[in-house]
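start38.cif, holding mmCIF, N, CA and C atoms:
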data_data
loop_
_atom_site.label_atom_id
_atom_site.label_comp_id
_atom_site.auth_asym_id
_atom_site.auth_seq_id
_atom_site.Cartn_x
_atom_site.Cartn_y
_atom_site.Cartn_z
N MET C 1 54.72 49.62 -2.57
CA MET C 1 54.53 50.57 -1.49
C MET C 1 55.22 50.01 -0.24
N THR C 2 55.96 50.85 0.45
CA THR C 2 56.67 50.40 1.65
C THR C 2 55.70 50.22 2.82
N THR C 3 56.13 49.51 3.83
CA THR C 3 55.32 49.31 5.04
C THR C 3 54.97 50.66 5.66
N GLU C 4 55.96 51.57 5.71
CA GLU C 4 55.73 52.89 6.30
C GLU C 4 54.70 53.68 5.50
N ASP C 5 54.78 53.63 4.19
CA ASP C 5 53.81 54.33 3.34
C ASP C 5 52.41 53.76 3.54
N ARG C 6 52.32 52.44 3.63
CA ARG C 6 51.03 51.78 3.83
C ARG C 6 50.43 52.18 5.18
N GLU C 7 51.25 52.21 6.21
CA GLU C 7 50.78 52.58 7.55
C GLU C 7 50.20 53.99 7.57
N LYS C 8 50.76 54.90 6.79
CA LYS C 8 50.29 56.29 6.75
C LYS C 8 48.89 56.42 6.15
N LEU C 9 48.46 55.42 5.39
CA LEU C 9 47.13 55.46 4.79
C LEU C 9 46.02 55.28 5.82
N PHE C 10 46.34 54.63 6.94
CA PHE C 10 45.35 54.30 7.96
C PHE C 10 45.46 55.25 9.16
N HIS C 11 44.38 55.98 9.42
CA HIS C 11 44.35 56.89 10.57
C HIS C 11 43.74 56.22 11.79
N HIS C 12 43.04 55.13 11.58
CA HIS C 12 42.37 54.43 12.69
C HIS C 12 43.02 53.06 12.90
N VAL C 13 43.64 52.89 14.05
CA VAL C 13 44.28 51.63 14.42
C VAL C 13 43.80 51.28 15.83
N MET C 14 43.43 50.03 16.01
CA MET C 14 42.87 49.59 17.29
C MET C 14 43.52 48.27 17.71
N PRO C 15 44.11 48.21 18.92
CA PRO C 15 44.65 46.93 19.41
C PRO C 15 43.51 45.93 19.61
N LEU C 16 43.80 44.67 19.36
CA LEU C 16 42.81 43.60 19.53
C LEU C 16 43.35 42.54 20.47
N GLN C 17 42.47 41.99 21.26
CA GLN C 17 42.85 40.93 22.19
C GLN C 17 42.47 39.57 21.60
N ILE C 18 43.42 38.66 21.59
CA ILE C 18 43.14 37.29 21.17
C ILE C 18 42.70 36.52 22.41
N ARG C 19 41.51 35.94 22.33
CA ARG C 19 40.95 35.19 23.46
C ARG C 19 41.26 33.71 23.31
N PHE C 20 41.19 33.00 24.41
CA PHE C 20 41.45 31.56 24.42
C PHE C 20 40.58 30.84 23.39
N ASN C 21 39.30 31.19 23.33
CA ASN C 21 38.39 30.48 22.43
C ASN C 21 38.52 30.92 20.96
N ASP C 22 39.40 31.87 20.66
CA ASP C 22 39.67 32.26 19.27
C ASP C 22 40.62 31.29 18.58
N ILE C 23 41.31 30.48 19.37
CA ILE C 23 42.37 29.61 18.87
C ILE C 23 41.80 28.23 18.57
N ASP C 24 42.17 27.69 17.41
CA ASP C 24 41.72 26.34 17.06
C ASP C 24 42.78 25.31 17.47
N LYS C 25 42.53 24.06 17.15
CA LYS C 25 43.42 22.99 17.60
C LYS C 25 44.80 23.04 16.94
N PHE C 26 44.94 23.87 15.92
CA PHE C 26 46.23 24.02 15.25
C PHE C 26 47.08 25.14 15.86
N GLY C 27 46.52 25.83 16.87
CA GLY C 27 47.27 26.87 17.56
C GLY C 27 47.23 28.23 16.91
N HIS C 28 46.33 28.41 15.94
CA HIS C 28 46.19 29.74 15.34
C HIS C 28 44.74 30.21 15.41
N VAL C 29 44.56 31.49 15.18
CA VAL C 29 43.22 32.07 15.21
C VAL C 29 42.41 31.47 14.07
N ASN C 30 41.22 30.99 14.40
CA ASN C 30 40.33 30.41 13.40
C ASN C 30 39.89 31.50 12.42
N ASN C 31 39.78 31.15 11.14
CA ASN C 31 39.46 32.15 10.12
C ASN C 31 38.12 32.86 10.36
N ALA C 32 37.16 32.21 10.98
CA ALA C 32 35.87 32.85 11.25
C ALA C 32 36.02 33.99 12.26
N VAL C 33 37.01 33.91 13.12
CA VAL C 33 37.24 34.94 14.15
C VAL C 33 37.74 36.24 13.51
N TYR C 34 38.42 36.14 12.39
CA TYR C 34 38.92 37.33 11.71
C TYR C 34 37.77 38.31 11.44
N PHE C 35 36.61 37.79 11.06
CA PHE C 35 35.46 38.67 10.78
C PHE C 35 34.95 39.34 12.06
N GLN C 36 35.09 38.68 13.21
CA GLN C 36 34.76 39.33 14.48
C GLN C 36 35.72 40.48 14.74
N PHE C 37 37.00 40.26 14.47
CA PHE C 37 37.97 41.34 14.61
C PHE C 37 37.63 42.50 13.69
N TYR C 38 37.28 42.20 12.45
CA TYR C 38 36.92 43.26 11.51
C TYR C 38 35.66 44.00 11.98
N ASP C 39 34.68 43.29 12.50
CA ASP C 39 33.47 43.94 13.03
C ASP C 39 33.80 44.86 14.20
N THR C 40 34.66 44.40 15.08
CA THR C 40 35.05 45.19 16.25
C THR C 40 35.73 46.49 15.82
N THR C 41 36.67 46.39 14.90
CA THR C 41 37.39 47.60 14.48
C THR C 41 36.50 48.52 13.64
N LYS C 42 35.60 47.94 12.86
CA LYS C 42 34.66 48.73 12.06
C LYS C 42 33.73 49.53 12.99
N THR C 43 33.23 48.88 14.02
CA THR C 43 32.33 49.54 14.97
C THR C 43 33.05 50.68 15.69
N GLU C 44 34.28 50.44 16.12
CA GLU C 44 35.06 51.48 16.79
C GLU C 44 35.38 52.63 15.84
N TYR C 45 35.68 52.31 14.59
CA TYR C 45 35.93 53.35 13.58
C TYR C 45 34.71 54.26 13.47
N LEU C 46 33.53 53.66 13.30
CA LEU C 46 32.31 54.45 13.12
C LEU C 46 31.99 55.28 14.36
N SER C 47 32.22 54.72 15.54
CA SER C 47 32.00 55.47 16.78
C SER C 47 32.95 56.66 16.88
N THR C 48 34.17 56.47 16.41
CA THR C 48 35.18 57.53 16.46
C THR C 48 34.89 58.63 15.45
N VAL C 49 34.49 58.24 14.25
CA VAL C 49 34.36 59.21 13.16
C VAL C 49 32.96 59.81 13.07
N CYS C 50 31.93 59.02 13.26
CA CYS C 50 30.54 59.49 13.11
C CYS C 50 29.91 59.65 14.50
N HIS C 51 30.10 60.81 15.10
CA HIS C 51 29.60 61.07 16.46
C HIS C 51 28.10 61.33 16.47
N GLY C 52 27.45 60.99 17.56
CA GLY C 52 26.07 61.36 17.78
C GLY C 52 25.05 60.68 16.90
N VAL C 53 25.37 59.53 16.35
CA VAL C 53 24.42 58.81 15.49
C VAL C 53 23.42 58.05 16.37
N ASP C 54 22.16 58.13 16.04
CA ASP C 54 21.13 57.36 16.75
C ASP C 54 21.05 55.98 16.09
N TRP C 55 21.83 55.04 16.62
CA TRP C 55 21.91 53.70 16.04
C TRP C 55 20.63 52.90 16.23
N SER C 56 19.65 53.42 16.97
CA SER C 56 18.37 52.72 17.08
C SER C 56 17.48 53.02 15.86
N LYS C 57 17.85 54.04 15.08
CA LYS C 57 17.07 54.41 13.91
C LYS C 57 17.77 54.13 12.59
N VAL C 58 19.08 54.20 12.62
CA VAL C 58 19.85 54.01 11.39
C VAL C 58 20.97 53.01 11.67
N ALA C 59 21.30 52.26 10.65
CA ALA C 59 22.36 51.27 10.77
C ALA C 59 23.27 51.36 9.56
N ILE C 60 24.36 50.66 9.66
CA ILE C 60 25.24 50.48 8.52
C ILE C 60 25.36 48.98 8.36
N VAL C 61 24.98 48.49 7.19
CA VAL C 61 24.96 47.05 6.97
C VAL C 61 25.98 46.66 5.90
N VAL C 62 26.51 45.47 6.06
CA VAL C 62 27.47 44.92 5.11
C VAL C 62 26.69 44.31 3.95
N VAL C 63 27.02 44.73 2.72
CA VAL C 63 26.38 44.12 1.54
C VAL C 63 27.37 43.28 0.74
N LYS C 64 28.67 43.49 1.01
CA LYS C 64 29.69 42.66 0.37
C LYS C 64 30.92 42.67 1.27
N ILE C 65 31.53 41.50 1.41
CA ILE C 65 32.74 41.41 2.21
C ILE C 65 33.63 40.31 1.64
N GLU C 66 34.90 40.62 1.57
CA GLU C 66 35.86 39.60 1.13
C GLU C 66 37.14 39.78 1.93
N ALA C 67 37.71 38.66 2.32
CA ALA C 67 38.93 38.68 3.12
C ALA C 67 40.01 37.87 2.44
N GLU C 68 41.21 38.33 2.64
CA GLU C 68 42.39 37.65 2.14
C GLU C 68 43.23 37.28 3.37
N PHE C 69 43.52 36.00 3.54
CA PHE C 69 44.29 35.52 4.68
C PHE C 69 45.74 35.35 4.22
N LEU C 70 46.61 36.23 4.68
CA LEU C 70 47.98 36.28 4.18
C LEU C 70 48.95 35.46 5.01
N SER C 71 48.73 35.41 6.32
CA SER C 71 49.64 34.72 7.22
C SER C 71 48.88 34.38 8.51
N GLN C 72 49.27 33.30 9.15
CA GLN C 72 48.59 32.87 10.37
C GLN C 72 48.77 33.88 11.51
N ILE C 73 47.73 33.99 12.32
CA ILE C 73 47.83 34.70 13.59
C ILE C 73 47.83 33.63 14.67
N LYS C 74 48.88 33.60 15.45
CA LYS C 74 49.04 32.58 16.50
C LYS C 74 48.53 33.11 17.83
N ALA C 75 48.37 32.20 18.78
CA ALA C 75 47.82 32.54 20.09
C ALA C 75 48.60 33.64 20.79
N ALA C 76 49.91 33.64 20.68
CA ALA C 76 50.75 34.61 21.39
C ALA C 76 50.98 35.90 20.62
N SER C 77 50.36 36.04 19.45
CA SER C 77 50.57 37.24 18.63
C SER C 77 49.97 38.47 19.30
N HIS C 78 50.56 39.60 19.01
CA HIS C 78 50.01 40.90 19.40
C HIS C 78 49.51 41.54 18.11
N ILE C 79 48.22 41.80 18.05
CA ILE C 79 47.64 42.27 16.80
C ILE C 79 46.84 43.55 17.00
N ALA C 80 46.61 44.22 15.88
CA ALA C 80 45.75 45.39 15.84
C ALA C 80 45.00 45.36 14.52
N GLY C 81 43.88 46.05 14.51
CA GLY C 81 43.11 46.20 13.29
C GLY C 81 43.15 47.64 12.84
N ARG C 82 43.33 47.85 11.57
CA ARG C 82 43.29 49.21 11.05
C ARG C 82 42.21 49.29 9.98
N THR C 83 41.58 50.46 9.95
CA THR C 83 40.39 50.64 9.12
C THR C 83 40.46 52.00 8.43
N ARG C 84 40.00 52.01 7.18
CA ARG C 84 39.87 53.29 6.47
C ARG C 84 38.77 53.18 5.42
N VAL C 85 38.14 54.30 5.15
CA VAL C 85 37.19 54.39 4.05
C VAL C 85 37.98 54.77 2.82
N VAL C 86 37.79 53.99 1.74
CA VAL C 86 38.52 54.26 0.51
C VAL C 86 37.64 54.85 -0.59
N LYS C 87 36.31 54.78 -0.41
CA LYS C 87 35.41 55.32 -1.42
C LYS C 87 34.07 55.65 -0.77
N LEU C 88 33.54 56.82 -1.09
CA LEU C 88 32.20 57.22 -0.64
C LEU C 88 31.28 57.26 -1.84
N GLY C 89 30.15 56.55 -1.74
CA GLY C 89 29.14 56.59 -2.79
C GLY C 89 27.94 57.37 -2.30
N ASN C 90 26.80 57.22 -2.96
CA ASN C 90 25.58 57.90 -2.56
C ASN C 90 24.98 57.26 -1.31
N LYS C 91 24.79 55.93 -1.34
CA LYS C 91 24.22 55.20 -0.21
C LYS C 91 25.23 54.28 0.46
N SER C 92 26.41 54.17 -0.11
CA SER C 92 27.37 53.19 0.37
C SER C 92 28.76 53.80 0.52
N PHE C 93 29.60 53.06 1.22
CA PHE C 93 31.02 53.39 1.25
C PHE C 93 31.81 52.09 1.30
N HIS C 94 33.05 52.17 0.87
CA HIS C 94 33.93 51.01 0.81
C HIS C 94 34.97 51.12 1.92
N LEU C 95 35.09 50.06 2.68
CA LEU C 95 36.07 49.99 3.76
C LEU C 95 37.21 49.07 3.38
N GLU C 96 38.40 49.48 3.75
CA GLU C 96 39.55 48.59 3.68
C GLU C 96 40.03 48.40 5.11
N GLN C 97 40.25 47.15 5.48
CA GLN C 97 40.72 46.84 6.82
C GLN C 97 41.88 45.86 6.74
N GLU C 98 42.76 45.95 7.73
CA GLU C 98 43.87 45.02 7.82
C GLU C 98 44.05 44.59 9.27
N LEU C 99 44.46 43.36 9.45
CA LEU C 99 44.91 42.87 10.74
C LEU C 99 46.43 42.79 10.65
N ILE C 100 47.10 43.41 11.61
CA ILE C 100 48.55 43.46 11.57
C ILE C 100 49.15 42.92 12.86
N ASP C 101 50.35 42.38 12.74
CA ASP C 101 51.13 42.00 13.91
C ASP C 101 51.84 43.27 14.38
N THR C 102 51.57 43.70 15.61
CA THR C 102 52.13 44.97 16.08
C THR C 102 53.62 44.87 16.40
N ASP C 103 54.13 43.66 16.57
CA ASP C 103 55.57 43.50 16.83
C ASP C 103 56.37 43.55 15.53
N THR C 104 55.87 42.88 14.50
CA THR C 104 56.63 42.78 13.24
C THR C 104 56.12 43.74 12.16
N ARG C 105 54.90 44.30 12.37
CA ARG C 105 54.23 45.18 11.41
C ARG C 105 53.76 44.44 10.16
N GLU C 106 53.79 43.12 10.21
CA GLU C 106 53.35 42.30 9.09
C GLU C 106 51.83 42.34 8.97
N VAL C 107 51.33 42.50 7.75
CA VAL C 107 49.89 42.43 7.50
C VAL C 107 49.52 40.95 7.45
N LYS C 108 48.61 40.54 8.34
CA LYS C 108 48.21 39.14 8.44
C LYS C 108 46.98 38.83 7.59
N SER C 109 46.12 39.83 7.44
CA SER C 109 44.90 39.64 6.68
C SER C 109 44.42 41.00 6.18
N ARG C 110 43.72 40.97 5.08
CA ARG C 110 43.17 42.19 4.49
C ARG C 110 41.71 41.93 4.17
N CYS C 111 40.87 42.94 4.37
CA CYS C 111 39.43 42.80 4.15
C CYS C 111 38.91 44.02 3.41
N LEU C 112 38.06 43.77 2.43
CA LEU C 112 37.36 44.83 1.72
C LEU C 112 35.87 44.63 1.90
N SER C 113 35.18 45.69 2.27
CA SER C 113 33.73 45.61 2.52
C SER C 113 33.02 46.76 1.84
N VAL C 114 31.80 46.50 1.42
CA VAL C 114 30.90 47.55 0.96
C VAL C 114 29.81 47.66 2.01
N MET C 115 29.66 48.86 2.54
CA MET C 115 28.70 49.13 3.61
C MET C 115 27.62 50.07 3.09
N VAL C 116 26.38 49.85 3.54
CA VAL C 116 25.25 50.67 3.10
C VAL C 116 24.55 51.26 4.31
N ALA C 117 24.21 52.55 4.22
CA ALA C 117 23.40 53.20 5.25
C ALA C 117 21.98 52.64 5.14
N PHE C 118 21.36 52.35 6.30
CA PHE C 118 20.09 51.63 6.29
C PHE C 118 19.15 52.22 7.34
N ASP C 119 17.94 52.56 6.91
CA ASP C 119 16.89 53.06 7.80
C ASP C 119 16.21 51.86 8.45
N LEU C 120 16.34 51.73 9.77
CA LEU C 120 15.79 50.57 10.47
C LEU C 120 14.27 50.59 10.54
N GLU C 121 13.66 51.76 10.58
CA GLU C 121 12.20 51.84 10.64
C GLU C 121 11.56 51.48 9.30
N ARG C 122 12.11 52.01 8.21
CA ARG C 122 11.55 51.75 6.88
C ARG C 122 12.13 50.50 6.23
N GLN C 123 13.22 49.96 6.82
CA GLN C 123 13.87 48.76 6.30
C GLN C 123 14.32 48.91 4.86
N GLN C 124 15.03 50.03 4.62
CA GLN C 124 15.55 50.26 3.28
C GLN C 124 16.84 51.08 3.33
N ALA C 125 17.60 50.95 2.27
CA ALA C 125 18.83 51.73 2.15
C ALA C 125 18.49 53.20 2.00
N ILE C 126 19.36 54.04 2.55
CA ILE C 126 19.16 55.49 2.49
C ILE C 126 20.48 56.15 2.05
N PRO C 127 20.39 57.37 1.52
CA PRO C 127 21.62 58.09 1.20
C PRO C 127 22.45 58.31 2.46
N LEU C 128 23.77 58.31 2.31
CA LEU C 128 24.64 58.60 3.44
C LEU C 128 24.33 60.01 3.94
N PRO C 129 24.08 60.16 5.24
CA PRO C 129 23.83 61.51 5.76
C PRO C 129 25.01 62.44 5.45
N ASP C 130 24.69 63.70 5.15
CA ASP C 130 25.73 64.68 4.81
C ASP C 130 26.77 64.80 5.92
N GLU C 131 26.31 64.73 7.16
CA GLU C 131 27.25 64.83 8.29
C GLU C 131 28.27 63.69 8.26
N TRP C 132 27.82 62.47 7.98
CA TRP C 132 28.74 61.33 7.88
C TRP C 132 29.74 61.57 6.75
N ARG C 133 29.21 62.02 5.63
CA ARG C 133 30.06 62.26 4.46
C ARG C 133 31.14 63.29 4.79
N ARG C 134 30.74 64.38 5.48
CA ARG C 134 31.71 65.41 5.86
C ARG C 134 32.74 64.90 6.85
N THR C 135 32.28 64.19 7.89
CA THR C 135 33.23 63.76 8.92
C THR C 135 34.17 62.67 8.40
N ILE C 136 33.65 61.76 7.60
CA ILE C 136 34.51 60.71 7.01
C ILE C 136 35.51 61.34 6.06
N SER C 137 35.05 62.25 5.20
CA SER C 137 35.95 62.91 4.24
C SER C 137 37.04 63.68 4.97
N SER C 138 36.66 64.37 6.03
CA SER C 138 37.64 65.14 6.80
C SER C 138 38.64 64.20 7.50
N TYR C 139 38.13 63.15 8.11
CA TYR C 139 38.99 62.19 8.84
C TYR C 139 39.97 61.51 7.90
N GLU C 140 39.49 61.12 6.74
CA GLU C 140 40.30 60.37 5.78
C GLU C 140 41.09 61.25 4.81
N GLY C 141 40.74 62.51 4.74
CA GLY C 141 41.41 63.38 3.78
C GLY C 141 40.97 63.10 2.35
N LEU C 142 39.70 62.70 2.19
CA LEU C 142 39.18 62.38 0.85
C LEU C 142 38.77 63.66 0.11
#
Encoding of this model in structure tokens:
Amino acid sequence: MTTEDREKLFHHVMPLQIRFNDIDKFGHVNNAVYFQFYDTTKTEYLSTVCHGVDWSKVAIVVVKIEAEFLSQIKAASHIAGRTRVVKLGNKSFHLEQELIDTDTREVKSRCLSVMVAFDLERQQAIPLPDEWRRTISSYEGL
């Protein structure tokens, strides 16, 4: 798949700022920081796609996450995170995320996550609300 074809798969792209404390003594972003970037873009994705959610009552929790580190992100890099839902289940959905260099368009890291809708009051997984399912499907073209 070409870079252009891959880019078309992602409708949500968010620029990310590399902070001084994200850099380790080797001059690149520490691998633990990548998950902060993924959390930031995931949160923005959900805010963009799932409007009007009462996050004090319902949450989306990570039940599985795996990252692939393809190339270093250096202190002077310009990066963005892109996010998409690739599968909708009954109580869960699968996210694919990438960190990219916005100057070269190189994919620096890739992340796959399984997310579950969670009732904070009852402390249990719940079916994905129909509204979320509709808005995510519409946004992603699923």
Test item, alpha helix (DSSP H) assignment across region 13-70 of chain C, answer as number ranges by chain: C: 31-49
Matched chain/residue IDs from the PyMOL selection byres ((chain C and resi 61-76) around 6), as a ChimeraX atom specification: /C:27-29,59-60,77-78,107-118
Atom N of Tyr34 (chain C) to atom N of Leu88 (chain C), straight-line distance in Å: 25.2 Å
Selection result of the PyMOL selection byres ((chain C and resi 38-40) around 8) on this file, as a PyMOL selection string: chain C and resi 14+33-37+41-46+81-82+97-99+111
Residue list (strand (DSSP E or B), DSSP) for region 2-140 of chain C, as a ChimeraX atom specification: /C:12-16,23,28-29,58-69,74,79-88,92-101,107-119,124-125
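Across the model, the gap from CA of Gln17 (chain C) to atom C of Ile100 (chain C) is 11.4 Å.
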Residues near Lys8 (chain C), cut-off 12 Å, only C-alpha atoms, skip fewer than 2 positions along chain, as a PyMOL selection string: chain C and resi 1-6+10-13+82-84+140-141
Atom C of Asn90 (chain C) to CA of Glu131 (chain C), distance in Å rounded to a single decimal: 12.4 Å
